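K.L.:
My structure is in entry.cif, and what it holds is mmCIF, C-alpha atoms:
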```
data_work
loop_
_atom_site.label_atom_id
_atom_site.label_comp_id
_atom_site.auth_asym_id
_atom_site.auth_seq_id
_atom_site.Cartn_x
_atom_site.Cartn_y
_atom_site.Cartn_z
CA MET A 105 -10.91 36.55 14.76
CA ARG A 106 -13.48 34.15 16.26
CA ALA A 107 -13.79 30.39 15.89
CA VAL A 108 -17.56 30.61 15.43
CA ASP A 109 -17.12 32.85 12.39
CA ILE A 110 -14.67 30.38 10.86
CA VAL A 111 -17.12 27.52 11.43
CA ALA A 112 -19.96 29.51 9.87
CA LYS A 113 -17.84 30.47 6.85
CA LYS A 114 -16.98 26.85 6.10
CA ARG A 115 -20.57 25.76 6.81
CA ASP A 116 -21.73 28.14 4.10
CA GLY A 117 -19.16 26.87 1.59
CA GLY A 118 -16.63 29.67 1.91
CA GLU A 119 -12.88 29.26 1.41
CA LEU A 120 -10.90 29.76 4.61
CA SER A 121 -7.72 31.83 4.55
CA ARG A 122 -4.37 30.50 5.70
CA GLU A 123 -4.63 32.82 8.73
CA GLU A 124 -8.08 31.52 9.70
CA ILE A 125 -6.95 27.89 9.50
CA ALA A 126 -3.80 28.62 11.50
CA PHE A 127 -5.87 30.45 14.13
CA LEU A 128 -8.26 27.51 14.50
CA ILE A 129 -5.54 24.84 14.74
CA SER A 130 -3.21 26.74 17.07
CA GLY A 131 -6.12 27.71 19.30
CA TYR A 132 -7.33 24.13 19.49
CA VAL A 133 -3.89 22.78 20.42
CA ALA A 134 -3.49 25.51 23.05
CA GLY A 135 -6.85 24.62 24.60
CA GLU A 136 -8.35 28.00 23.74
CA ILE A 137 -10.91 26.66 21.24
CA PRO A 138 -13.19 23.91 22.58
CA ASP A 139 -13.89 20.49 21.09
CA TYR A 140 -17.46 21.34 20.17
CA GLN A 141 -16.42 24.19 17.86
CA VAL A 142 -13.71 22.13 16.18
CA SER A 143 -16.22 19.25 15.84
CA ALA A 144 -18.61 21.60 14.05
CA TRP A 145 -15.80 22.79 11.78
CA ALA A 146 -14.78 19.18 10.97
CA MET A 147 -18.36 18.32 10.04
CA ALA A 148 -18.55 21.43 7.85
CA VAL A 149 -15.32 20.32 6.12
CA PHE A 150 -16.76 16.82 5.71
CA PHE A 151 -19.75 18.16 3.77
CA ARG A 152 -18.24 21.24 2.08
CA GLY A 153 -14.74 19.95 1.41
CA MET A 154 -11.62 22.09 1.07
CA THR A 155 -9.78 23.60 -1.85
CA ALA A 156 -6.23 22.50 -2.60
CA GLY A 157 -4.99 25.74 -1.02
CA GLU A 158 -7.02 25.19 2.14
CA THR A 159 -5.79 21.59 2.44
CA ALA A 160 -2.17 22.71 2.07
CA ALA A 161 -2.72 25.46 4.68
CA LEU A 162 -4.28 22.95 7.08
CA THR A 163 -1.38 20.55 6.61
CA GLN A 164 1.12 23.34 7.24
CA ALA A 165 -0.74 24.52 10.36
CA MET A 166 -0.79 20.98 11.75
CA LEU A 167 2.90 20.52 10.94
CA GLN A 168 3.73 23.73 12.81
CA SER A 169 1.69 22.69 15.87
CA GLY A 170 4.66 20.85 17.36
CA LYS A 171 8.29 19.89 16.87
CA THR A 172 9.84 18.46 13.72
CA ILE A 173 12.77 16.07 13.38
CA ALA A 174 15.79 17.69 11.76
CA LEU A 175 17.86 15.33 9.60
CA SER A 176 20.01 17.94 7.86
CA ASP A 177 23.20 16.64 9.50
CA ILE A 178 22.69 13.21 7.86
CA PRO A 179 23.37 12.68 4.15
CA GLY A 180 20.15 11.81 2.28
CA PRO A 181 18.11 11.32 0.22
CA PHE A 182 15.20 10.82 2.65
CA VAL A 183 12.26 8.91 1.18
CA ASP A 184 9.37 7.37 3.09
CA LYS A 185 6.33 5.29 2.19
CA HIS A 186 2.83 5.45 3.60
CA SER A 187 -0.10 3.05 3.17
CA THR A 188 -3.71 3.99 3.80
CA GLY A 189 -4.11 0.62 5.52
CA GLY A 190 -5.24 -2.88 4.74
CA VAL A 191 -5.32 -6.52 5.82
CA GLY A 192 -2.02 -8.37 5.73
CA ASP A 193 -0.28 -5.19 4.53
CA LYS A 194 3.23 -5.54 5.91
CA THR A 195 5.15 -3.97 3.03
CA SER A 196 6.80 -1.30 5.23
CA LEU A 197 8.86 -3.90 7.07
CA ILE A 198 10.25 -5.22 3.79
CA LEU A 199 10.77 -2.08 1.72
CA ALA A 200 12.41 0.03 4.45
CA PRO A 201 15.55 -2.17 4.62
CA LEU A 202 15.30 -2.83 0.87
CA ALA A 203 15.41 0.87 0.00
CA ALA A 204 18.09 1.47 2.63
CA SER A 205 20.28 -1.18 1.01
CA LEU A 206 20.27 0.98 -2.14
CA GLY A 207 21.39 4.17 -0.39
CA ILE A 208 17.97 5.62 0.45
CA LYS A 209 17.45 6.91 4.00
CA VAL A 210 13.99 5.92 5.28
CA PRO A 211 12.63 7.90 8.25
CA MET A 212 9.42 6.00 8.99
CA MET A 213 6.83 7.19 11.51
CA SER A 214 4.06 4.61 11.69
CA GLY A 215 0.80 3.95 13.49
CA ARG A 216 -1.09 1.22 15.30
CA ALA A 217 -3.98 -0.96 14.21
CA LEU A 218 -7.44 0.51 14.54
CA GLY A 219 -10.50 -1.36 13.32
CA HIS A 220 -9.86 -4.11 10.76
CA THR A 221 -6.62 -2.63 9.32
CA GLY A 222 -3.25 -3.66 10.71
CA GLY A 223 -0.68 -1.39 12.32
CA THR A 224 3.05 -1.37 11.61
CA LEU A 225 3.95 -0.58 15.22
CA ASP A 226 1.98 -3.58 16.52
CA LYS A 227 3.81 -5.87 14.10
CA LEU A 228 7.22 -4.53 15.13
CA GLU A 229 6.39 -4.78 18.83
CA ALA A 230 5.59 -8.47 18.32
CA ILE A 231 9.39 -8.81 18.10
CA SER A 232 10.51 -9.32 21.69
CA GLY A 233 12.20 -6.17 23.02
CA TYR A 234 11.68 -4.06 19.89
CA ARG A 235 11.19 -0.39 20.83
CA THR A 236 9.05 1.91 18.69
CA ALA A 237 8.99 4.87 21.12
CA LEU A 238 12.23 6.52 19.97
CA SER A 239 13.44 9.96 20.96
CA ALA A 240 14.39 12.30 18.13
CA ASP A 241 18.07 11.73 18.90
CA GLU A 242 17.66 7.93 18.82
CA PHE A 243 15.70 8.20 15.57
CA ARG A 244 18.49 10.20 13.91
CA LYS A 245 21.22 7.92 15.28
CA ILE A 246 19.56 4.75 13.98
CA ILE A 247 18.86 6.27 10.55
CA ARG A 248 22.51 7.29 10.27
CA ARG A 249 23.71 3.80 11.23
CA ASP A 250 21.13 1.48 9.62
CA GLY A 251 19.71 3.65 6.84
CA PHE A 252 16.18 3.47 8.29
CA ALA A 253 14.35 3.71 11.60
CA MET A 254 10.79 2.86 12.64
CA THR A 255 9.08 4.96 15.28
CA GLY A 256 5.69 6.04 16.54
CA GLN A 257 4.35 9.55 16.84
CA THR A 258 5.53 11.28 20.02
CA ALA A 259 3.60 13.82 22.08
CA GLU A 260 5.71 16.64 20.60
CA ILE A 261 5.29 15.68 16.94
CA VAL A 262 2.17 17.13 15.27
CA PRO A 263 -0.01 17.29 18.41
CA ALA A 264 -2.81 18.77 16.29
CA ASP A 265 -3.09 15.47 14.44
CA ARG A 266 -3.52 13.43 17.63
CA LEU A 267 -6.24 15.78 18.87
CA LEU A 268 -8.04 16.00 15.53
CA TYR A 269 -7.88 12.28 14.83
CA ALA A 270 -9.43 11.43 18.19
CA LEU A 271 -12.16 14.01 17.54
CA ARG A 272 -12.86 12.76 14.00
CA ASP A 273 -13.09 9.19 15.28
CA VAL A 274 -16.05 10.07 17.53
CA THR A 275 -17.78 12.59 15.24
CA ALA A 276 -18.11 10.48 12.05
CA THR A 277 -15.73 12.71 10.09
CA VAL A 278 -12.84 10.26 9.59
CA GLU A 279 -13.57 9.78 5.86
CA SER A 280 -12.99 13.43 4.88
CA ILE A 281 -10.32 13.53 2.16
CA PRO A 282 -8.85 16.94 3.17
CA LEU A 283 -8.63 15.84 6.81
CA ILE A 284 -7.03 12.50 5.86
CA THR A 285 -4.56 14.32 3.61
CA ALA A 286 -3.49 16.78 6.29
CA SER A 287 -3.18 14.01 8.88
CA ILE A 288 -0.88 11.88 6.73
CA LEU A 289 1.30 14.58 5.24
CA SER A 290 1.82 16.64 8.40
CA LYS A 291 3.38 13.60 10.09
CA LYS A 292 5.49 12.68 7.08
CA ALA A 293 6.86 16.21 6.72
CA ALA A 294 7.56 16.34 10.48
CA GLU A 295 9.70 13.18 10.38
CA GLY A 296 12.09 14.71 7.85
CA ALA A 297 11.03 12.99 4.60
CA GLN A 298 11.91 14.83 1.39
CA ALA A 299 9.94 12.47 -0.85
CA LEU A 300 7.05 10.11 -0.28
CA VAL A 301 5.59 7.04 -2.00
CA LEU A 302 1.93 6.49 -1.17
CA ASP A 303 0.11 3.16 -1.29
CA VAL A 304 -3.56 4.14 -1.56
CA LYS A 305 -5.74 1.07 -1.11
CA TYR A 306 -9.18 0.32 -2.54
CA GLY A 307 -11.49 -2.67 -2.14
CA SER A 308 -13.35 -4.43 0.69
CA GLY A 309 -10.45 -4.31 3.15
CA ALA A 310 -9.50 -0.71 2.42
CA PHE A 311 -10.50 2.55 3.99
CA MET A 312 -11.72 3.74 0.60
CA LYS A 313 -13.81 0.93 -0.91
CA GLU A 314 -14.25 2.44 -4.38
CA THR A 315 -11.48 3.17 -6.87
CA ALA A 316 -12.87 6.65 -7.63
CA LYS A 317 -12.66 7.70 -3.98
CA ALA A 318 -9.21 6.16 -3.61
CA GLU A 319 -8.04 8.05 -6.68
CA ALA A 320 -9.46 11.31 -5.31
CA LEU A 321 -7.52 10.75 -2.08
CA ALA A 322 -4.34 9.94 -4.02
CA ARG A 323 -4.75 13.11 -6.09
CA SER A 324 -5.23 15.20 -2.94
CA LEU A 325 -2.16 13.66 -1.29
CA VAL A 326 0.06 14.15 -4.33
CA ASP A 327 -1.04 17.74 -4.95
CA THR A 328 -0.82 18.79 -1.30
CA GLY A 329 2.54 17.09 -0.84
CA SER A 330 3.87 18.89 -3.89
CA ALA A 331 2.59 22.22 -2.48
CA LEU A 332 4.64 21.50 0.66
CA GLY A 333 7.78 20.94 -1.41
CA LEU A 334 7.75 17.13 -1.23
CA LYS A 335 8.24 14.81 -4.19
CA VAL A 336 5.23 12.49 -4.12
CA THR A 337 4.06 9.47 -6.11
CA ALA A 338 0.99 7.36 -5.34
CA LEU A 339 0.03 3.85 -6.41
CA LEU A 340 -3.59 2.70 -6.21
CA THR A 341 -3.46 -0.94 -5.09
CA ASP A 342 -6.10 -3.64 -4.64
CA MET A 343 -7.09 -4.50 -1.06
CA ASP A 344 -10.16 -6.60 -1.85
CA GLU A 345 -8.30 -9.66 -0.55
CA PRO A 346 -5.62 -9.98 2.16
CA LEU A 347 -2.07 -9.25 1.03
CA GLY A 348 0.20 -12.24 1.48
CA ALA A 349 -0.54 -15.53 3.24
CA MET A 350 -0.30 -14.29 6.84
CA VAL A 351 -2.50 -11.94 8.89
CA GLY A 352 -1.38 -11.28 12.45
CA ASN A 353 1.37 -9.35 14.15
CA PHE A 354 4.18 -11.89 14.61
CA LEU A 355 2.95 -13.98 11.67
CA GLU A 356 3.45 -10.97 9.41
CA VAL A 357 6.95 -10.37 10.78
CA GLU A 358 7.76 -13.97 9.82
CA GLU A 359 6.37 -13.42 6.33
CA CYS A 360 8.52 -10.30 5.95
CA LEU A 361 11.61 -12.36 6.75
CA ASP A 362 10.49 -14.89 4.13
CA CYS A 363 10.26 -12.06 1.60
CA LEU A 364 13.71 -10.73 2.53
CA GLU A 365 15.00 -14.27 1.93
CA GLY A 366 13.37 -14.45 -1.52
CA ARG A 367 10.58 -16.80 -0.44
CA GLY A 368 7.65 -14.41 -0.14
CA PRO A 369 4.21 -14.75 -1.75
CA LYS A 370 4.02 -13.29 -5.26
CA ASP A 371 1.26 -10.76 -4.53
CA LEU A 372 3.10 -9.32 -1.52
CA MET A 373 6.41 -9.23 -3.37
CA ASP A 374 4.91 -7.54 -6.44
CA VAL A 375 3.34 -4.69 -4.43
CA THR A 376 6.46 -4.27 -2.29
CA LEU A 377 8.80 -4.17 -5.28
CA GLU A 378 6.65 -1.65 -7.15
CA LEU A 379 6.52 0.65 -4.12
CA ALA A 380 10.23 0.25 -3.41
CA ALA A 381 11.05 0.93 -7.06
CA ARG A 382 9.32 4.32 -6.81
CA MET A 383 11.27 5.09 -3.65
CA VAL A 384 14.49 4.43 -5.52
CA VAL A 385 13.37 6.70 -8.36
CA LEU A 386 12.35 9.56 -6.03
CA GLY A 387 15.68 9.15 -4.24
CA GLY A 388 17.51 9.72 -7.53
CA LYS A 389 19.05 6.24 -7.69
CA ALA A 390 17.13 5.04 -10.77
CA ALA A 391 15.84 6.75 -13.90
CA ASN A 392 12.47 4.98 -13.95
CA ALA A 393 10.38 2.40 -12.10
CA ALA A 394 11.50 -0.52 -14.28
CA GLU A 395 15.15 0.19 -13.50
CA GLY A 396 14.28 0.72 -9.84
CA ARG A 397 12.55 -2.64 -9.65
CA ARG A 398 15.53 -4.42 -11.21
CA MET A 399 17.80 -2.77 -8.65
CA CYS A 400 15.49 -3.88 -5.83
CA GLU A 401 15.39 -7.47 -7.09
CA SER A 402 19.19 -7.56 -7.26
CA ALA A 403 19.45 -6.12 -3.76
CA LEU A 404 17.14 -8.81 -2.37
CA ALA A 405 19.21 -11.51 -4.05
CA SER A 406 22.33 -10.12 -2.36
CA GLY A 407 20.91 -10.64 1.13
CA LYS A 408 21.79 -7.10 2.25
CA PRO A 409 18.19 -5.99 3.02
CA ARG A 410 17.75 -8.97 5.35
CA GLU A 411 21.00 -8.11 7.07
CA LEU A 412 19.85 -4.50 7.53
CA PHE A 413 16.48 -5.63 8.92
CA LEU A 414 18.15 -7.77 11.59
CA ARG A 415 20.62 -4.98 12.37
CA ASN A 416 17.70 -2.64 12.90
CA VAL A 417 16.00 -5.17 15.20
CA GLN A 418 19.11 -5.05 17.38
CA SER A 419 19.37 -1.25 17.15
CA GLN A 420 15.81 -0.85 18.41
CA GLY A 421 16.14 -3.24 21.35
CA GLY A 422 15.30 -6.64 19.90
CA ASP A 423 17.37 -9.81 19.72
CA PRO A 424 17.86 -11.12 16.16
CA ALA A 425 18.77 -14.60 17.40
CA ALA A 426 15.61 -14.81 19.52
CA LEU A 427 13.57 -13.63 16.55
CA GLU A 428 14.99 -16.38 14.37
CA ALA A 429 14.32 -18.97 17.09
CA ALA A 430 10.69 -17.84 17.40
CA ARG A 431 9.89 -18.35 13.72
CA GLY A 432 7.23 -21.02 13.29
CA VAL A 433 6.76 -21.59 17.03
CA TYR A 434 5.67 -18.28 18.56
CA ARG A 435 1.94 -18.99 18.39
CA SER A 436 -1.08 -18.85 20.66
CA PRO A 437 -2.06 -22.29 22.02
CA VAL A 438 -5.72 -21.49 21.20
CA CYS A 439 -6.03 -22.56 17.57
CA ALA A 440 -8.18 -24.32 15.00
CA GLU A 441 -8.03 -25.38 11.36
CA LEU A 442 -10.64 -24.18 8.89
CA ARG A 443 -11.43 -26.60 6.05
CA ALA A 444 -13.10 -26.21 2.67
CA ALA A 445 -16.89 -26.43 2.82
CA GLN A 446 -17.12 -27.55 -0.83
CA GLY A 447 -15.03 -28.40 -3.86
CA GLY A 448 -14.07 -26.18 -6.77
CA TYR A 449 -11.83 -23.12 -6.78
CA ILE A 450 -11.22 -20.35 -4.30
CA ALA A 451 -12.84 -17.41 -6.11
CA ARG A 452 -12.23 -14.76 -3.46
CA ILE A 453 -11.28 -14.28 0.19
CA SER A 454 -12.86 -11.09 1.53
CA ALA A 455 -10.27 -8.83 3.13
CA GLN A 456 -12.92 -7.01 5.15
CA ASP A 457 -14.25 -10.24 6.67
CA VAL A 458 -10.75 -11.48 7.43
CA GLY A 459 -9.79 -8.15 8.98
CA GLN A 460 -12.89 -8.02 11.16
CA ALA A 461 -12.37 -11.63 12.23
CA ALA A 462 -8.74 -10.82 13.05
CA VAL A 463 -9.91 -8.15 15.51
CA ARG A 464 -12.02 -10.82 17.25
CA LEU A 465 -8.94 -13.07 17.38
CA GLY A 466 -6.95 -10.33 19.11
CA VAL A 467 -4.84 -9.10 16.17
CA GLY A 468 -6.34 -5.61 16.05
CA ARG A 469 -8.35 -3.23 18.19
CA ASN A 470 -11.62 -1.33 18.17
CA ARG A 471 -10.36 1.37 20.53
CA THR A 472 -6.90 2.90 20.73
CA GLU A 473 -6.45 1.66 24.32
CA ASP A 474 -7.29 -1.98 23.51
CA PRO A 475 -4.39 -4.46 23.80
CA VAL A 476 -3.38 -6.71 20.91
CA CYS A 477 -2.18 -10.30 20.96
CA PRO A 478 1.14 -10.77 19.09
CA THR A 479 0.58 -14.50 18.58
CA ALA A 480 -2.97 -14.37 17.18
CA GLY A 481 -3.71 -14.47 13.46
CA VAL A 482 -4.46 -16.45 10.33
CA GLN A 483 -2.24 -18.42 7.96
CA PHE A 484 -3.80 -19.19 4.57
CA HIS A 485 -2.99 -22.59 3.05
CA ARG A 486 -5.20 -22.00 -0.02
CA ARG A 487 -5.70 -18.69 -1.75
CA ARG A 488 -7.51 -17.17 -4.72
CA GLY A 489 -7.35 -19.44 -7.79
CA ASP A 490 -6.39 -22.61 -5.90
CA ALA A 491 -8.38 -25.79 -6.56
CA VAL A 492 -9.84 -27.42 -3.44
CA GLN A 493 -11.68 -30.57 -2.44
CA PRO A 494 -14.20 -30.68 0.42
CA GLY A 495 -12.27 -30.92 3.69
CA ASP A 496 -8.99 -29.47 2.38
CA ALA A 497 -7.23 -27.24 4.90
CA LEU A 498 -7.87 -23.57 4.01
CA MET A 499 -6.34 -21.79 6.98
CA THR A 500 -4.94 -22.21 10.46
CA VAL A 501 -6.35 -19.77 12.98
CA TRP A 502 -4.82 -18.66 16.30
CA ALA A 503 -6.67 -16.59 18.90
CA ALA A 504 -5.93 -14.78 22.15
CA ASP A 505 -8.67 -16.84 23.84
CA GLN A 506 -11.35 -19.42 23.08
CA ALA A 507 -14.17 -16.87 22.99
CA GLY A 508 -12.33 -14.91 20.31
CA LEU A 509 -11.73 -18.04 18.27
CA ASP A 510 -15.38 -19.12 18.49
CA SER A 511 -16.48 -15.64 17.44
CA ALA A 512 -14.06 -15.35 14.52
CA LEU A 513 -14.44 -18.75 12.83
CA PRO A 514 -17.93 -18.16 11.33
CA GLN A 515 -16.79 -14.87 9.81
CA LEU A 516 -13.68 -16.51 8.36
CA GLU A 517 -15.89 -19.20 6.81
CA ARG A 518 -18.04 -16.46 5.24
CA ALA A 519 -14.92 -14.75 3.89
CA VAL A 520 -14.23 -17.62 1.48
CA GLU A 521 -16.11 -17.68 -1.83
CA TYR A 522 -16.02 -20.65 -4.21
CA SER A 523 -16.51 -21.05 -7.96
CA ALA A 524 -16.74 -23.93 -10.41
CA ALA A 525 -14.05 -22.42 -12.67
CA PRO A 526 -10.83 -20.59 -11.87
CA PRO A 527 -11.39 -16.87 -11.18
CA PRO A 528 -10.04 -14.32 -13.69
CA PRO A 529 -6.57 -12.86 -13.15
CA ARG A 530 -6.43 -10.02 -10.62
CA SER A 531 -4.34 -6.91 -11.16
CA LEU A 532 -2.97 -5.60 -7.88
CA ILE A 533 -1.96 -2.16 -9.14
CA TYR A 534 -4.72 -0.10 -10.69
CA LYS A 535 -2.79 3.03 -11.63
CA GLU A 536 -0.09 5.50 -10.65
CA VAL A 537 -0.90 9.09 -9.67
CA ILE A 538 1.90 11.65 -10.00
#
```
Would you kindly transcribe this structure into structure tokens?

P.N.:
Amino acid sequence: MRAVDIVAKKRDGGELSREEIAFLISGYVAGEIPDYQVSAWAMAVFFRGMTAGETAALTQAMLQSGKTIALSDIPGPFVDKHSTGGVGDKTSLILAPLAASLGIKVPMMSGRALGHTGGTLDKLEAISGYRTALSADEFRKIIRRDGFAMTGQTAEIVPADRLLYALRDVTATVESIPLITASILSKKAAEGAQALVLDVKYGSGAFMKETAKAEALARSLVDTGSALGLKVTALLTDMDEPLGAMVGNFLEVEECLDCLEGRGPKDLMDVTLELAARMVVLGGKAANAAEGRRMCESALASGKPRELFLRNVQSQGGDPAALEAARGVYRSPVCAELRAAQGGYIARISAQDVGQAAVRLGVGRNRTEDPVCPTAGVQFHRRRGDAVQPGDALMTVWAADQAGLDSALPQLERAVEYSAAPPPPRSLIYKEVI
């Protein structure tokens, strides 16, 4: 078997066998197949696509490229959630302790910010002392004790994904649905999840801008996950505007605590509760999503999810008391207030513009090695549908440095659209894919 023949077969639209895919992936991880051949194969996949069987075989080959985390000695059920990324999307930090409070074990392996979308690990590491580089033993121990754990991908877990993602990033093949599917699901299967709820975003701040493409990705994820023996549900959710009133690493941690205390913004709470409800259903704790949502609302009112969140902070190296003391004060000294340029109503706030401006502020990164600033970000004082007068405060903006602030402010001004009448209601959840 030769890599060049596999590349040519896919280039010509052929369907690769499970053995051919396994040969390519294992050879690449072992250093026996060079980058340039795998780059050519990725481009062929980008244009020719993959069948459901090929995508499942690719996911399995990537999963088998490294170690997996065994959770069989811990009573389940094990249900995780994954988002395709957005601006202000901090639902993982809320729904992990929420689901855990209802008897669901949540093994969560998350990523960092890249481009204009935020990263769960960066948010968690804004909590002083919080450790996201857990060993497999630590991961299991914390899940057993707290009901959930939050970790990053280690060198031993799905090494094929790290190699392929880096290659796709520099070869313009990131947007391939089969490659995205295999990347997401190989990591989720490796962490020990038995079921998975997917938040597939669409809109200006999403990876997939159009609903049709987002739905195609959701369908691929659900079908491939099912082929691997996972129970999978996907929600298509709107990411045309930022989710919640905070964008920024520590700012979003604060907003998560607000949500766990019953004081969160309605849009963020609605998406979180709908996702968490599906986790409860897949975990066998509720018969349907409506019952699952009622259970989640009752759990929040009890205060137990907040207690579990703070317990997890301590378990992973943070100080809950220091976190509480930092709320409202842990901010960059470089800041400005953005005011309304005209009167009327806020018709829209572009998530893409806000996300790109946030990178300039220091919230995100353009390259994986770039640092992030935990105290940078944006707090919105007015949001879609709010009436404003000229000069009203729209947002407070914090930056890592003055140059970043000066660069970001014009883009944040452009992000705000006005109208003479209130904008129409916006549905955050487009549909469910099962």

K.L.:
Go through A:Ile173, A:Leu339, A:Leu442, A:Leu283 one by one, measure the shortest atom-to-atom distance of each to Ile261 in chain A using only C-alpha atoms, and give the residue with the smallest value.

P.N.:
A:Ile173

K.L.:
Applied to this file, what does the PyMOL selection byres ((chain A and resi 189) around 12) return in terms of residues, put as a ChimeraX atom specification?

P.N.:
/A:185-188,190-196,214-224,288,302-313,318,340-344,346-347,455-456,459

K.L.:
For the residues in the current selection, export C-alpha atoms as a short mmCIF file (atom, residue, chain, number, x, y, z; two decimals), in the coordinates of the input.

P.N.:
```
data_model
loop_
_atom_site.label_atom_id
_atom_site.label_comp_id
_atom_site.auth_asym_id
_atom_site.auth_seq_id
_atom_site.Cartn_x
_atom_site.Cartn_y
_atom_site.Cartn_z
CA LYS A 185 6.33 5.29 2.19
CA HIS A 186 2.83 5.45 3.60
CA SER A 187 -0.10 3.05 3.17
CA THR A 188 -3.71 3.99 3.80
CA GLY A 190 -5.24 -2.88 4.74
CA VAL A 191 -5.32 -6.52 5.82
CA GLY A 192 -2.02 -8.37 5.73
CA ASP A 193 -0.28 -5.19 4.53
CA LYS A 194 3.23 -5.54 5.91
CA THR A 195 5.15 -3.97 3.03
CA SER A 196 6.80 -1.30 5.23
CA SER A 214 4.06 4.61 11.69
CA GLY A 215 0.80 3.95 13.49
CA ARG A 216 -1.09 1.22 15.30
CA ALA A 217 -3.98 -0.96 14.21
CA LEU A 218 -7.44 0.51 14.54
CA GLY A 219 -10.50 -1.36 13.32
CA HIS A 220 -9.86 -4.11 10.76
CA THR A 221 -6.62 -2.63 9.32
CA GLY A 222 -3.25 -3.66 10.71
CA GLY A 223 -0.68 -1.39 12.32
CA THR A 224 3.05 -1.37 11.61
CA ILE A 288 -0.88 11.88 6.73
CA LEU A 302 1.93 6.49 -1.17
CA ASP A 303 0.11 3.16 -1.29
CA VAL A 304 -3.56 4.14 -1.56
CA LYS A 305 -5.74 1.07 -1.11
CA TYR A 306 -9.18 0.32 -2.54
CA GLY A 307 -11.49 -2.67 -2.14
CA SER A 308 -13.35 -4.43 0.69
CA GLY A 309 -10.45 -4.31 3.15
CA ALA A 310 -9.50 -0.71 2.42
CA PHE A 311 -10.50 2.55 3.99
CA MET A 312 -11.72 3.74 0.60
CA LYS A 313 -13.81 0.93 -0.91
CA ALA A 318 -9.21 6.16 -3.61
CA LEU A 340 -3.59 2.70 -6.21
CA THR A 341 -3.46 -0.94 -5.09
CA ASP A 342 -6.10 -3.64 -4.64
CA MET A 343 -7.09 -4.50 -1.06
CA ASP A 344 -10.16 -6.60 -1.85
CA PRO A 346 -5.62 -9.98 2.16
CA LEU A 347 -2.07 -9.25 1.03
CA ALA A 455 -10.27 -8.83 3.13
CA GLN A 456 -12.92 -7.01 5.15
CA GLY A 459 -9.79 -8.15 8.98
#
```

K.L.:
Using the chain letters and numbers from this file, what does the PyMOL selection byres ((chain A and resi 271) around 12) select? Give the answer as a count of residues only.

P.N.:
26

K.L.:
Just so the selection is clear, what residues does the PyMOL selection byres ((chain A and resi 417) around 12) cover here, as a VMD selection string?

P.N.:
chain A and resid 197 201 228 to 236 246 250 252 to 254 357 361 410 to 416 418 to 428

K.L.:
For Glu517 in chain A, please output as a PyMOL selection string all residues within 9 Å (counting only C-alpha atoms; exclusion window: fewer than 5 positions along the same chain).

P.N.:
chain A and resi 442-445+512

K.L.:
For Tyr434 in chain A, which residue out of A:Thr500, A:Ser406, A:Asn353, A:Ser454 is the nearest one, using only C-alpha atoms?

P.N.:
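Distance minimum relative to Tyr434 in chain A lands on A:Asn353.
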
K.L.:
What is the CA of Ile538 in chain A-CA of Ala338 in chain A distance in Å, reported with one decimal?

P.N.:
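Interatomic distance, CA of Ile538 in chain A to CA of Ala338 in chain A: 6.4 Å.
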
K.L.:
Find the smallest box with edges along x, y and z containing every listed atom of range 487-491 of chain A, then add 8 Å on each side and report centre and edge lengths in Å to one decimal, as JSON.

P.N.:
```
{"center_x": -7.0, "center_y": -21.5, "center_z": -4.8, "size_x": 18.7, "size_y": 24.6, "size_z": 22.0}
```

K.L.:
In terms of the shortest atom-to-atom distance over only C-alpha atoms, which of A:Thr172, A:Thr155, A:Ser205, A:Gln446 is closest to Cys400 in chain A?

P.N.:
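Using only C-alpha atoms, the shortest distance to Cys400 in chain A belongs to A:Ser205.
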
K.L.:
Calculate how many Å separate CA of Met383 in chain A from CA of Leu364 in chain A, rounding to one decimal.

P.N.:
17.2 Å

K.L.:
Could you tell me, as an NGL selection string, which residues have any atom at most 10 Å from (-6.3, 23.2, 5.3), counting all atoms listed in the file?

P.N.:
:A and (119-122 or 124-126 or 129 or 149 or 153-166 or 282-283 or 285-286 or 328)

K.L.:
If you measure from CA of Val375 in chain A to CA of Lys408 in chain A, what distance in Å do you get, rounded to one decimal?

P.N.:
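Between these atoms lies a distance of 19.8 Å.
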
K.L.:
Would you please work out which residue, of A:Gln257, A:Ser280, A:Gln298, A:Asn470, is nearest to Leu386 in chain A when using all atoms listed in the file?

P.N.:
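Checking each candidate against Leu386 in chain A, we get A:Gln298 as the closest.
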
K.L.:
Looking at only C-alpha atoms, which of A:Glu319, A:Glu295, A:Glu123, A:Asp490 is the one that sits closest to Asp184 in chain A?

P.N.:
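That would be A:Glu295, the residue with the smallest distance to Asp184 in chain A.
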